[in-house]
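Here's coords-v6.pdb, which has PDB, C-alpha atoms, pLDDT in the B column:
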ATOM      1  CA  LYS A 474       0.000   0.000   0.000  1.00 92.00           C
ATOM      2  CA  SER A 475       1.146   3.549  -0.664  1.00 98.00           C
ATOM      3  CA  ILE A 476       1.412   5.667   2.475  1.00 98.00           C
ATOM      4  CA  LEU A 477       1.577   9.440   2.882  1.00 98.00           C
ATOM      5  CA  ALA A 478       2.697  10.992   6.172  1.00 98.00           C
ATOM      6  CA  VAL A 479       1.374  14.446   6.996  1.00 98.00           C
ATOM      7  CA  ILE A 480       2.958  16.504   9.771  1.00 98.00           C
ATOM      8  CA  PRO A 481       0.714  19.449  10.730  1.00 96.00           C
ATOM      9  CA  ALA A 482       2.663  22.322  12.295  1.00 95.00           C
ATOM     10  CA  ARG A 483       1.079  25.727  12.532  1.00 90.00           C
ATOM     11  CA  GLY A 484       3.102  28.685  13.688  1.00 88.00           C
ATOM     12  CA  GLY A 485       0.651  30.277  16.128  1.00 74.00           C
ATOM     13  CA  SER A 486       0.909  28.116  19.243  1.00 77.00           C
ATOM     14  CA  LYS A 487      -0.273  30.234  22.185  1.00 77.00           C
ATOM     15  CA  ARG A 488       0.412  28.182  25.317  1.00 79.00           C
ATOM     16  CA  LEU A 489       4.008  27.509  24.251  1.00 88.00           C
ATOM     17  CA  PRO A 490       5.024  30.052  21.570  1.00 86.00           C
ATOM     18  CA  ASN A 491       6.942  28.642  18.588  1.00 91.00           C
ATOM     19  CA  LYS A 492       6.860  25.199  20.175  1.00 94.00           C
ATOM     20  CA  ASN A 493       7.237  23.314  16.887  1.00 95.00           C
ATOM     21  CA  ILE A 494      10.698  24.782  16.308  1.00 95.00           C
ATOM     22  CA  LEU A 495      11.950  25.019  19.898  1.00 95.00           C
ATOM     23  CA  PHE A 496      15.185  23.100  20.325  1.00 96.00           C
ATOM     24  CA  LEU A 497      14.807  19.780  22.117  1.00 96.00           C
ATOM     25  CA  CYS A 498      18.066  17.915  22.777  1.00 96.00           C
ATOM     26  CA  GLY A 499      19.900  19.874  20.121  1.00 96.00           C
ATOM     27  CA  LYS A 500      17.393  20.047  17.267  1.00 97.00           C
ATOM     28  CA  PRO A 501      13.985  21.567  16.496  1.00 97.00           C
ATOM     29  CA  LEU A 502      10.977  19.766  17.939  1.00 97.00           C
ATOM     30  CA  ILE A 503       9.471  19.121  14.511  1.00 98.00           C
ATOM     31  CA  SER A 504      12.631  17.396  13.286  1.00 98.00           C
ATOM     32  CA  TRP A 505      11.978  14.413  15.580  1.00 98.00           C
ATOM     33  CA  SER A 506       8.740  13.621  13.745  1.00 98.00           C
ATOM     34  CA  ILE A 507      10.227  14.303  10.319  1.00 98.00           C
ATOM     35  CA  GLU A 508      13.081  11.878  10.978  1.00 98.00           C
ATOM     36  CA  ALA A 509      10.679   9.272  12.385  1.00 98.00           C
ATOM     37  CA  GLY A 510       8.609   9.459   9.203  1.00 98.00           C
ATOM     38  CA  LEU A 511      11.600   9.385   6.861  1.00 98.00           C
ATOM     39  CA  ASN A 512      13.111   6.410   8.714  1.00 98.00           C
ATOM     40  CA  SER A 513       9.923   4.359   8.409  1.00 98.00           C
ATOM     41  CA  LYS A 514      10.186   1.281   6.206  1.00 98.00           C
ATOM     42  CA  TYR A 515       6.730   1.839   4.774  1.00 98.00           C
ATOM     43  CA  ILE A 516       6.055   5.569   4.397  1.00 98.00           C
ATOM     44  CA  ASP A 517       6.474   6.781   0.812  1.00 98.00           C
ATOM     45  CA  LYS A 518       6.338  10.550   1.319  1.00 98.00           C
ATOM     46  CA  VAL A 519       6.592  12.913   4.307  1.00 98.00           C
ATOM     47  CA  ILE A 520       4.953  16.329   3.976  1.00 98.00           C
ATOM     48  CA  VAL A 521       4.952  19.150   6.510  1.00 98.00           C
ATOM     49  CA  SER A 522       1.950  21.473   6.302  1.00 97.00           C
ATOM     50  CA  SER A 523       2.405  24.882   7.911  1.00 96.00           C
ATOM     51  CA  ASP A 524       1.426  28.523   7.660  1.00 94.00           C
ATOM     52  CA  SER A 525       4.867  29.493   9.006  1.00 94.00           C
ATOM     53  CA  ASP A 526       7.782  30.108   6.642  1.00 96.00           C
ATOM     54  CA  ASP A 527      10.198  29.457   9.501  1.00 96.00           C
ATOM     55  CA  ILE A 528       8.715  26.009  10.100  1.00 97.00           C
ATOM     56  CA  LEU A 529       8.667  25.219   6.376  1.00 97.00           C
ATOM     57  CA  ASN A 530      12.306  26.281   5.900  1.00 98.00           C
ATOM     58  CA  ILE A 531      13.470  24.233   8.888  1.00 98.00           C
ATOM     59  CA  SER A 532      11.473  21.232   7.661  1.00 98.00           C
ATOM     60  CA  LYS A 533      13.178  21.413   4.261  1.00 98.00           C
ATOM     61  CA  LYS A 534      16.566  21.302   5.997  1.00 98.00           C
ATOM     62  CA  TYR A 535      15.516  17.971   7.502  1.00 98.00           C
ATOM     63  CA  ASP A 536      14.525  16.657   4.045  1.00 98.00           C
ATOM     64  CA  ALA A 537      10.750  16.833   4.391  1.00 98.00           C
ATOM     65  CA  GLU A 538       8.587  18.016   1.540  1.00 98.00           C
ATOM     66  CA  THR A 539       6.473  21.026   2.451  1.00 98.00           C
ATOM     67  CA  ILE A 540       3.209  22.720   1.595  1.00 97.00           C
ATOM     68  CA  LYS A 541       2.123  26.213   2.616  1.00 96.00           C
ATOM     69  CA  ARG A 542      -1.083  26.090   4.593  1.00 92.00           C
ATOM     70  CA  PRO A 543      -3.739  28.748   3.910  1.00 88.00           C
ATOM     71  CA  ILE A 544      -4.535  31.006   6.848  1.00 84.00           C
ATOM     72  CA  GLN A 545      -8.064  29.593   7.219  1.00 83.00           C
ATOM     73  CA  PHE A 546      -6.565  26.214   8.099  1.00 80.00           C
ATOM     74  CA  ALA A 547      -4.163  27.673  10.666  1.00 78.00           C
ATOM     75  CA  SER A 548      -6.623  29.156  13.161  1.00 74.00           C
ATOM     76  CA  ASP A 549      -7.404  27.887  16.663  1.00 73.00           C
ATOM     77  CA  THR A 550     -10.568  26.277  15.309  1.00 73.00           C
ATOM     78  CA  ALA A 551      -9.023  24.497  12.315  1.00 79.00           C
ATOM     79  CA  ASN A 552      -8.947  20.719  12.655  1.00 89.00           C
ATOM     80  CA  SER A 553      -6.611  17.994  11.461  1.00 91.00           C
ATOM     81  CA  PHE A 554      -8.979  16.790   8.769  1.00 95.00           C
ATOM     82  CA  ASP A 555      -9.009  20.207   7.067  1.00 93.00           C
ATOM     83  CA  VAL A 556      -5.204  20.220   7.031  1.00 94.00           C
ATOM     84  CA  VAL A 557      -4.952  16.705   5.588  1.00 96.00           C
ATOM     85  CA  LYS A 558      -7.632  17.396   2.987  1.00 96.00           C
ATOM     86  CA  HIS A 559      -5.746  20.498   1.824  1.00 95.00           C
ATOM     87  CA  VAL A 560      -2.546  18.451   1.439  1.00 97.00           C
ATOM     88  CA  VAL A 561      -4.271  15.641  -0.475  1.00 96.00           C
ATOM     89  CA  GLU A 562      -6.010  18.077  -2.834  1.00 95.00           C
ATOM     90  CA  ASN A 563      -2.674  19.666  -3.717  1.00 95.00           C
ATOM     91  CA  LEU A 564      -0.866  16.449  -4.639  1.00 96.00           C
ATOM     92  CA  ASP A 565      -0.676  14.908  -8.104  1.00 93.00           C
ATOM     93  CA  GLU A 566      -1.078  11.371  -6.804  1.00 95.00           C
ATOM     94  CA  MET A 567      -3.425   9.588  -4.401  1.00 96.00           C
ATOM     95  CA  TYR A 568      -2.152   7.426  -1.550  1.00 98.00           C
ATOM     96  CA  ASP A 569      -3.894   4.372  -0.105  1.00 98.00           C
ATOM     97  CA  PHE A 570      -3.295   5.428   3.507  1.00 98.00           C
ATOM     98  CA  ILE A 571      -2.666   8.675   5.362  1.00 98.00           C
ATOM     99  CA  ILE A 572      -0.685   8.720   8.596  1.00 98.00           C
ATOM    100  CA  LEU A 573      -0.851  11.893  10.672  1.00 98.00           C
ATOM    101  CA  LEU A 574       2.250  12.531  12.784  1.00 98.00           C
ATOM    102  CA  GLN A 575       1.837  15.443  15.169  1.00 97.00           C
ATOM    103  CA  PRO A 576       5.156  17.221  15.818  1.00 97.00           C
ATOM    104  CA  THR A 577       4.343  17.437  19.532  1.00 96.00           C
ATOM    105  CA  SER A 578       5.128  13.714  19.984  1.00 98.00           C
ATOM    106  CA  PRO A 579       8.951  13.636  19.768  1.00 98.00           C
ATOM    107  CA  LEU A 580       9.373  10.264  21.512  1.00 98.00           C
ATOM    108  CA  ARG A 581       7.234   8.460  18.954  1.00 98.00           C
ATOM    109  CA  ASN A 582       9.820   6.997  16.588  1.00 98.00           C
ATOM    110  CA  SER A 583      10.008   5.033  13.342  1.00 98.00           C
ATOM    111  CA  ALA A 584       9.739   1.714  15.207  1.00 98.00           C
ATOM    112  CA  HIS A 585       6.366   2.781  16.635  1.00 98.00           C
ATOM    113  CA  ILE A 586       5.213   3.950  13.215  1.00 98.00           C
ATOM    114  CA  ASP A 587       6.186   0.718  11.482  1.00 98.00           C
ATOM    115  CA  GLU A 588       4.643  -1.407  14.226  1.00 98.00           C
ATOM    116  CA  ALA A 589       1.380   0.556  13.966  1.00 98.00           C
ATOM    117  CA  LEU A 590       1.335   0.162  10.179  1.00 98.00           C
ATOM    118  CA  ARG A 591       1.999  -3.588  10.415  1.00 98.00           C
ATOM    119  CA  TYR A 592      -0.772  -3.820  13.005  1.00 98.00           C
ATOM    120  CA  CYS A 593      -3.102  -1.953  10.641  1.00 98.00           C
ATOM    121  CA  ASN A 594      -2.288  -4.434   7.887  1.00 98.00           C
ATOM    122  CA  TYR A 595      -2.651  -7.445  10.224  1.00 98.00           C
ATOM    123  CA  LYS A 596      -6.079  -6.305  11.426  1.00 98.00           C
ATOM    124  CA  LYS A 597      -7.138  -5.339   7.886  1.00 98.00           C
ATOM    125  CA  ALA A 598      -8.132  -2.090   9.549  1.00 98.00           C
ATOM    126  CA  ASN A 599      -9.622   0.991   8.008  1.00 98.00           C
ATOM    127  CA  ALA A 600      -8.016   3.107  10.728  1.00 98.00           C
ATOM    128  CA  VAL A 601      -5.592   2.788  13.641  1.00 98.00           C
ATOM    129  CA  ILE A 602      -5.098   5.398  16.359  1.00 98.00           C
ATOM    130  CA  SER A 603      -2.450   5.346  19.081  1.00 98.00           C
ATOM    131  CA  VAL A 604      -3.353   5.325  22.763  1.00 98.00           C
ATOM    132  CA  CYS A 605      -1.612   4.889  26.091  1.00 98.00           C
ATOM    133  CA  GLU A 606      -2.745   3.858  29.533  1.00 96.00           C
ATOM    134  CA  THR A 607      -3.941   6.764  31.668  1.00 95.00           C
ATOM    135  CA  SER A 608      -1.631   7.820  34.501  1.00 89.00           C
ATOM    136  CA  GLN A 609      -4.577   7.828  36.916  1.00 86.00           C
ATOM    137  CA  SER A 610      -7.920   6.108  36.676  1.00 85.00           C
ATOM    138  CA  PRO A 611     -10.720   8.434  35.543  1.00 86.00           C
ATOM    139  CA  LEU A 612     -12.826   6.682  38.162  1.00 83.00           C
ATOM    140  CA  TRP A 613     -10.917   8.790  40.692  1.00 83.00           C
ATOM    141  CA  SER A 614     -11.787  12.007  38.851  1.00 87.00           C
ATOM    142  CA  ASN A 615     -14.842  14.232  38.837  1.00 90.00           C
ATOM    143  CA  VAL A 616     -15.951  17.818  38.352  1.00 93.00           C
ATOM    144  CA  LEU A 617     -16.195  20.114  41.385  1.00 95.00           C
ATOM    145  CA  PRO A 618     -19.049  22.447  42.250  1.00 95.00           C
ATOM    146  CA  GLU A 619     -18.402  26.137  42.854  1.00 96.00           C
ATOM    147  CA  ASN A 620     -17.967  25.587  46.599  1.00 97.00           C
ATOM    148  CA  ASP A 621     -15.490  22.685  46.046  1.00 97.00           C
ATOM    149  CA  ASN A 622     -17.694  20.295  48.044  1.00 96.00           C
ATOM    150  CA  MET A 623     -16.574  16.653  47.693  1.00 92.00           C
ATOM    151  CA  ASP A 624     -19.572  14.897  49.265  1.00 89.00           C
ATOM    152  CA  ASN A 625     -20.353  13.003  46.069  1.00 85.00           C
ATOM    153  CA  PHE A 626     -16.927  13.072  44.447  1.00 87.00           C
ATOM    154  CA  PHE A 627     -16.569   9.245  44.399  1.00 81.00           C
ATOM    155  CA  ARG A 628     -19.012   6.462  43.959  1.00 79.00           C
ATOM    156  CA  GLU A 629     -19.112   4.388  47.127  1.00 76.00           C
ATOM    157  CA  SER A 630     -18.052   1.278  45.232  1.00 75.00           C
ATOM    158  CA  PHE A 631     -14.626   2.869  44.657  1.00 74.00           C
ATOM    159  CA  PHE A 632     -13.891   3.711  48.296  1.00 71.00           C
ATOM    160  CA  ASN A 633     -10.704   2.058  49.582  1.00 72.00           C
ATOM    161  CA  LYS A 634      -9.977   0.510  46.198  1.00 77.00           C
ATOM    162  CA  ARG A 635      -6.336   0.156  45.204  1.00 78.00           C
ATOM    163  CA  SER A 636      -5.380   1.535  41.803  1.00 74.00           C
ATOM    164  CA  GLN A 637      -4.187  -1.904  40.661  1.00 78.00           C
ATOM    165  CA  ASP A 638      -7.663  -3.296  41.383  1.00 79.00           C
ATOM    166  CA  LEU A 639      -9.343  -0.922  38.948  1.00 83.00           C
ATOM    167  CA  LYS A 640      -9.795  -1.586  35.235  1.00 88.00           C
ATOM    168  CA  LYS A 641      -7.209  -0.125  32.889  1.00 92.00           C
ATOM    169  CA  TYR A 642      -8.287   2.977  31.000  1.00 94.00           C
ATOM    170  CA  TYR A 643      -6.669   4.313  27.845  1.00 97.00           C
ATOM    171  CA  CYS A 644      -6.538   7.771  26.323  1.00 97.00           C
ATOM    172  CA  LEU A 645      -5.464   9.168  22.974  1.00 97.00           C
ATOM    173  CA  ASN A 646      -1.787  10.126  23.060  1.00 97.00           C
ATOM    174  CA  GLY A 647      -1.771  12.142  19.819  1.00 97.00           C
ATOM    175  CA  ALA A 648       1.224  10.305  18.335  1.00 98.00           C
ATOM    176  CA  ILE A 649      -0.195   8.288  15.424  1.00 98.00           C
ATOM    177  CA  TYR A 650      -3.387   8.497  13.349  1.00 98.00           C
ATOM    178  CA  ILE A 651      -3.703   6.125  10.385  1.00 98.00           C
ATOM    179  CA  SER A 652      -6.628   5.956   7.970  1.00 98.00           C
ATOM    180  CA  LYS A 653      -7.537   4.740   4.520  1.00 98.00           C
ATOM    181  CA  THR A 654      -7.461   7.903   2.450  1.00 98.00           C
ATOM    182  CA  ASN A 655     -10.761   7.423   0.654  1.00 98.00           C
ATOM    183  CA  LEU A 656     -12.649   6.768   3.893  1.00 98.00           C
ATOM    184  CA  LEU A 657     -10.987   9.687   5.639  1.00 98.00           C
ATOM    185  CA  LEU A 658     -12.099  12.039   2.880  1.00 97.00           C
ATOM    186  CA  GLU A 659     -15.570  10.540   2.901  1.00 97.00           C
ATOM    187  CA  GLU A 660     -16.179  10.551   6.665  1.00 98.00           C
ATOM    188  CA  LYS A 661     -14.100  13.675   7.413  1.00 96.00           C
ATOM    189  CA  THR A 662     -12.506  12.172  10.521  1.00 97.00           C
ATOM    190  CA  PHE A 663      -9.855   9.646  11.534  1.00 97.00           C
ATOM    191  CA  PHE A 664     -12.476   8.091  13.830  1.00 97.00           C
ATOM    192  CA  LEU A 665     -14.092   6.014  11.122  1.00 97.00           C
ATOM    193  CA  ASN A 666     -17.353   4.157  11.599  1.00 97.00           C
ATOM    194  CA  ASP A 667     -15.958   0.679  11.045  1.00 97.00           C
ATOM    195  CA  LYS A 668     -12.820  -1.433  11.564  1.00 98.00           C
ATOM    196  CA  ILE A 669     -10.893   1.088  13.667  1.00 98.00           C
ATOM    197  CA  TYR A 670      -8.384  -0.222  16.206  1.00 98.00           C
ATOM    198  CA  ALA A 671      -6.199   1.098  19.014  1.00 98.00           C
ATOM    199  CA  TYR A 672      -2.410   0.844  18.817  1.00 98.00           C
ATOM    200  CA  LYS A 673      -1.116   0.784  22.391  1.00 98.00           C
ATOM    201  CA  MET A 674       2.049   2.717  23.245  1.00 98.00           C
ATOM    202  CA  ASP A 675       3.882   2.981  26.552  1.00 97.00           C
ATOM    203  CA  ARG A 676       3.419   6.171  28.554  1.00 95.00           C
ATOM    204  CA  TRP A 677       7.091   7.175  28.260  1.00 95.00           C
ATOM    205  CA  SER A 678       6.891   7.321  24.464  1.00 97.00           C
ATOM    206  CA  SER A 679       3.525   9.068  24.604  1.00 97.00           C
ATOM    207  CA  VAL A 680       4.670  12.470  25.851  1.00 96.00           C
ATOM    208  CA  ASP A 681       2.589  15.142  24.088  1.00 96.00           C
ATOM    209  CA  ILE A 682       4.069  18.639  24.271  1.00 95.00           C
ATOM    210  CA  ASP A 683       1.250  21.101  24.697  1.00 90.00           C
ATOM    211  CA  GLU A 684       2.662  23.617  27.182  1.00 91.00           C
ATOM    212  CA  LYS A 685       5.882  24.508  28.925  1.00 91.00           C
ATOM    213  CA  ILE A 686       5.666  21.873  31.672  1.00 92.00           C
ATOM    214  CA  ASP A 687       5.450  19.137  29.014  1.00 92.00           C
ATOM    215  CA  PHE A 688       8.492  20.520  27.217  1.00 92.00           C
TER     216      PHE A 688
END
Output the file's structure as C-alpha cells, nothing else.
Amino acid sequence: KSILAVIPARGGSKRLPNKNILFLCGKPLISWSIEAGLNSKYIDKVIVSSDSDDILNISKKYDAETIKRPIQFASDTANSFDVVKHVVENLDEMYDFIILLQPTSPLRNSAHIDEALRYCNYKKANAVISVCETSQSPLWSNVLPENDNMDNFFRESFFNKRSQDLKKYYCLNGAIYISKTNLLLEEKTFFLNDKIYAYKMDRWSSVDIDEKIDF
C-alpha cells in the first residue's frame, strides 16, 4: 500500500510560543517527527503542512517536503482533517493510507510507526489510532461544584480501592493516526465508523508537548 505521512505544524501556538521549532536535545521539535517518518520502512512521502515560513524552511533542511497552509486552516478552530484534505487536494497522486504525525510527539519513533502500520495491515483495519494507559484512573476524577464540596466526588463502590484493582483505561496520546485515504475524505474524521483499532504505546513514548511543563 502507498502511504503518505502528513505533519501538521502551525506557527501560532499560544500556550508555548513557537513550540514546533523550539530546540529539544539539540534540534527543532518538529525534526523528531520528520526523521521518524523518513526512517519508516513503509512511508512513501513525508509532507509538513504549515502557515509558518520558519517552520517550512526548517522542515526542508531535515529533508521533508512542504506545503504552505492557507490562513483559514491555521486558526485555533481548524482541525486535522481540514489540514490533511488540503494536502491531499494539492498532490498529483493519491495514496492508499494517510498517517498523521503530530510534531508534539517527539518520543514516537520510526519503530512505533512501522509497528502501527503492520498492526493496521494485520487487522485489515480501516483506521488505527495510538493510545496509552492513563496515569490515573478516571474513576478517581470528577468535576467540582463552585464551593469545592466533595460529598459526592466518588461512587461508594470505589472507596478504599487500590489503583491496581481498577480496570485499565486508555486515552489518545496524539502520536499516530492512520486511515484509509478514501474513507478519511468521505467521513471527514480519523475516527471512522468501522474497523478502527487502538495501537497501544507505553506512557514514556507518549509524551505530548502542549505547554511549557510538558516541554
For the point (4.1, 9.3, 30.9) in file coordinates, what residues are within 9 Å, counting only C-alpha atoms? Give the answer as an mmCIF file with C-alpha atoms, in the coordinates of the input?
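Listed below is the output, part_39.cif:
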data_model
loop_
_atom_site.group_PDB
_atom_site.id
_atom_site.type_symbol
_atom_site.label_atom_id
_atom_site.label_comp_id
_atom_site.auth_asym_id
_atom_site.auth_seq_id
_atom_site.Cartn_x
_atom_site.Cartn_y
_atom_site.Cartn_z
ATOM 1 C CA CYS A 605 -1.612 4.889 26.091
ATOM 2 C CA GLU A 606 -2.745 3.858 29.533
ATOM 3 C CA THR A 607 -3.941 6.764 31.668
ATOM 4 C CA SER A 608 -1.631 7.820 34.501
ATOM 5 C CA ASP A 675 3.882 2.981 26.552
ATOM 6 C CA ARG A 676 3.419 6.171 28.554
ATOM 7 C CA TRP A 677 7.091 7.175 28.260
ATOM 8 C CA SER A 678 6.891 7.321 24.464
ATOM 9 C CA SER A 679 3.525 9.068 24.604
ATOM 10 C CA VAL A 680 4.670 12.470 25.851
#
**Asked** Could you spell out the hits of the PyMOL selection byres ((chain A and resi 668) around 6) on the shown file, as a PyMOL selection string?
**Response** chain A and resi 598-599+667+669
Could you build a table of the residues in region 552-611 of chain A lying no more than 12 Å from region 474-498 of chain A, giving for each the nearest pair of atoms and their separation in Å rounded to one decimal place, using all atoms listed in the file, ordered by chain and ascending residue number, as a Markdown table?
| residue | atom | partner | partner_atom | distance |
| --- | --- | --- | --- | --- |
| A:Asn552 | CA | A:Pro481 | CA | 9.9 |
| A:Ser553 | CA | A:Pro481 | CA | 7.5 |
| A:Phe554 | CA | A:Pro481 | CA | 10.2 |
| A:Asp555 | CA | A:Pro481 | CA | 10.4 |
| A:Val556 | CA | A:Pro481 | CA | 7.0 |
| A:Val557 | CA | A:Val479 | CA | 6.9 |
| A:Lys558 | CA | A:Val479 | CA | 10.3 |
| A:His559 | CA | A:Val479 | CA | 10.7 |
| A:Val560 | CA | A:Val479 | CA | 7.9 |
| A:Val561 | CA | A:Leu477 | CA | 9.2 |
| A:Leu564 | CA | A:Leu477 | CA | 10.6 |
| A:Glu566 | CA | A:Ser475 | CA | 10.2 |
| A:Met567 | CA | A:Ser475 | CA | 8.4 |
| A:Tyr568 | CA | A:Ser475 | CA | 5.2 |
| A:Asp569 | CA | A:Ser475 | CA | 5.1 |
| A:Phe570 | CA | A:Ile476 | CA | 4.8 |
| A:Ile571 | CA | A:Leu477 | CA | 5.0 |
| A:Ile572 | CA | A:Ala478 | CA | 4.7 |
| A:Leu573 | CA | A:Val479 | CA | 5.0 |
| A:Leu574 | CA | A:Ile480 | CA | 5.0 |
| A:Gln575 | CA | A:Ile480 | CA | 5.6 |
| A:Pro576 | CA | A:Ile480 | CA | 6.5 |
| A:Thr577 | CA | A:Asn493 | CA | 7.1 |
| A:Ser578 | CA | A:Asn493 | CA | 10.3 |
| A:Pro579 | CA | A:Leu497 | CA | 8.8 |
| A:Leu580 | CA | A:Leu497 | CA | 11.0 |
| A:Ser583 | CA | A:Ala478 | CA | 11.8 |
| A:Ile586 | CA | A:Ala478 | CA | 10.3 |
| A:Asp587 | CA | A:Ile476 | CA | 11.3 |
| A:Leu590 | CA | A:Ile476 | CA | 9.5 |
| A:Arg591 | CA | A:Lys474 | CA | 11.2 |
| A:Cys593 | CA | A:Lys474 | CA | 11.3 |
| A:Asn594 | CA | A:Lys474 | CA | 9.3 |
| A:Lys597 | CA | A:Lys474 | CA | 11.9 |
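Close to (-13.9, 6.8, 43.2), meaning no more than 7 Å away when counting only C-alpha atoms, sit the residues Leu612, Trp613, Phe627, Arg628, Glu629, Phe631 and Phe632 of chain A.
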**Complete:** Pairwise distance, CA of Lys685 (chain A) with CA of Ser636 (chain A), equals 28.6 Å
**Residue among A:Leu617, A:Ala589, A:Ala671, A:Ile531 lying closest to Leu502 (chain A), counting all atoms listed in the file** = A:Ile531
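Coordinates place CA of Ile540 (chain A) at a distance of 11.2 Å from CA of Glu562 (chain A).
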Where's the centre, and what are the edge lengths in Å to one decimal, of a box along x, y and z enclosing all listed atoms of region 669-681 of chain A padded 4 Å per side, as JSON?
{"center_x": -1.9, "center_y": 7.5, "center_z": 21.1, "size_x": 26.0, "size_y": 23.4, "size_z": 22.9}
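The space separating CA of Ser532 (chain A) from CA of Lys500 (chain A) comes to 11.3 Å.
Candidate residues A:Trp505, A:Phe546, A:Tyr592, A:Tyr650 were compared for distance to Ser525 (chain A), and the nearest is A:Phe546, using all atoms listed in the file.
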**Message:** Under the PyMOL selection byres ((chain A and resi 538) around 9), which residues of this model are included? Write them out as an MDAnalysis selection string.
**Reply:** chainID A and resid 518:522 529 532:533 536:537 539:540
Have region 564-570 of chain A completed to all heavy atoms, please, and pass it along as a PDB file, keeping the file's coordinate frame.
ATOM      1  N   LEU A 564      -1.827  17.435  -4.156  1.00 96.00           N
ATOM      2  CA  LEU A 564      -0.866  16.449  -4.639  1.00 96.00           C
ATOM      3  C   LEU A 564      -1.316  15.899  -5.989  1.00 96.00           C
ATOM      4  O   LEU A 564      -2.508  15.854  -6.287  1.00 96.00           O
ATOM      5  CB  LEU A 564      -0.734  15.299  -3.638  1.00 96.00           C
ATOM      6  CG  LEU A 564      -0.108  15.637  -2.279  1.00 96.00           C
ATOM      7  CD1 LEU A 564      -0.084  14.386  -1.399  1.00 96.00           C
ATOM      8  CD2 LEU A 564       1.298  16.196  -2.444  1.00 96.00           C
ATOM      9  N   ASP A 565      -0.370  15.461  -6.788  1.00 93.00           N
ATOM     10  CA  ASP A 565      -0.676  14.908  -8.104  1.00 93.00           C
ATOM     11  C   ASP A 565      -1.065  13.439  -8.041  1.00 93.00           C
ATOM     12  O   ASP A 565      -1.601  12.902  -9.003  1.00 93.00           O
ATOM     13  CB  ASP A 565       0.527  15.062  -9.043  1.00 93.00           C
ATOM     14  CG  ASP A 565       0.840  16.522  -9.332  1.00 93.00           C
ATOM     15  OD1 ASP A 565      -0.112  17.325  -9.346  1.00 93.00           O
ATOM     16  OD2 ASP A 565       2.017  16.847  -9.525  1.00 93.00           O
ATOM     17  N   GLU A 566      -0.788  12.791  -6.921  1.00 95.00           N
ATOM     18  CA  GLU A 566      -1.078  11.371  -6.804  1.00 95.00           C
ATOM     19  C   GLU A 566      -1.872  11.095  -5.529  1.00 95.00           C
ATOM     20  O   GLU A 566      -1.804  11.848  -4.564  1.00 95.00           O
ATOM     21  CB  GLU A 566       0.223  10.555  -6.790  1.00 95.00           C
ATOM     22  CG  GLU A 566       1.233  11.030  -5.760  1.00 95.00           C
ATOM     23  CD  GLU A 566       2.600  10.426  -5.985  1.00 95.00           C
ATOM     24  OE1 GLU A 566       2.670   9.233  -6.317  1.00 95.00           O
ATOM     25  OE2 GLU A 566       3.591  11.142  -5.803  1.00 95.00           O
ATOM     26  N   MET A 567      -2.619  10.000  -5.545  1.00 96.00           N
ATOM     27  CA  MET A 567      -3.425   9.588  -4.401  1.00 96.00           C
ATOM     28  C   MET A 567      -2.723   8.445  -3.680  1.00 96.00           C
ATOM     29  O   MET A 567      -2.140   7.565  -4.315  1.00 96.00           O
ATOM     30  CB  MET A 567      -4.805   9.122  -4.880  1.00 96.00           C
ATOM     31  CG  MET A 567      -5.809   8.937  -3.774  1.00 96.00           C
ATOM     32  SD  MET A 567      -6.364  10.517  -3.094  1.00 96.00           S
ATOM     33  CE  MET A 567      -7.925  10.009  -2.368  1.00 96.00           C
ATOM     34  N   TYR A 568      -2.778   8.477  -2.352  1.00 98.00           N
ATOM     35  CA  TYR A 568      -2.152   7.426  -1.550  1.00 98.00           C
ATOM     36  C   TYR A 568      -3.235   6.567  -0.903  1.00 98.00           C
ATOM     37  O   TYR A 568      -4.319   7.058  -0.568  1.00 98.00           O
ATOM     38  CB  TYR A 568      -1.252   8.048  -0.481  1.00 98.00           C
ATOM     39  CG  TYR A 568      -0.017   8.699  -1.051  1.00 98.00           C
ATOM     40  CD1 TYR A 568      -0.067   9.971  -1.598  1.00 98.00           C
ATOM     41  CD2 TYR A 568       1.194   8.016  -1.078  1.00 98.00           C
ATOM     42  CE1 TYR A 568       1.062  10.560  -2.153  1.00 98.00           C
ATOM     43  CE2 TYR A 568       2.333   8.590  -1.629  1.00 98.00           C
ATOM     44  CZ  TYR A 568       2.253   9.864  -2.160  1.00 98.00           C
ATOM     45  OH  TYR A 568       3.376  10.444  -2.708  1.00 98.00           O
ATOM     46  N   ASP A 569      -2.914   5.288  -0.697  1.00 98.00           N
ATOM     47  CA  ASP A 569      -3.894   4.372  -0.105  1.00 98.00           C
ATOM     48  C   ASP A 569      -4.198   4.735   1.353  1.00 98.00           C
ATOM     49  O   ASP A 569      -5.341   4.676   1.788  1.00 98.00           O
ATOM     50  CB  ASP A 569      -3.382   2.924  -0.164  1.00 98.00           C
ATOM     51  CG  ASP A 569      -3.208   2.432  -1.584  1.00 98.00           C
ATOM     52  OD1 ASP A 569      -4.131   2.642  -2.388  1.00 98.00           O
ATOM     53  OD2 ASP A 569      -2.149   1.853  -1.887  1.00 98.00           O
ATOM     54  N   PHE A 570      -3.140   5.107   2.088  1.00 98.00           N
ATOM     55  CA  PHE A 570      -3.295   5.428   3.507  1.00 98.00           C
ATOM     56  C   PHE A 570      -2.642   6.777   3.820  1.00 98.00           C
ATOM     57  O   PHE A 570      -1.630   7.146   3.216  1.00 98.00           O
ATOM     58  CB  PHE A 570      -2.646   4.354   4.393  1.00 98.00           C
ATOM     59  CG  PHE A 570      -3.484   3.124   4.579  1.00 98.00           C
ATOM     60  CD1 PHE A 570      -3.449   2.098   3.650  1.00 98.00           C
ATOM     61  CD2 PHE A 570      -4.306   2.986   5.696  1.00 98.00           C
ATOM     62  CE1 PHE A 570      -4.217   0.954   3.819  1.00 98.00           C
ATOM     63  CE2 PHE A 570      -5.073   1.846   5.880  1.00 98.00           C
ATOM     64  CZ  PHE A 570      -5.029   0.826   4.943  1.00 98.00           C
TER      65      PHE A 570
END
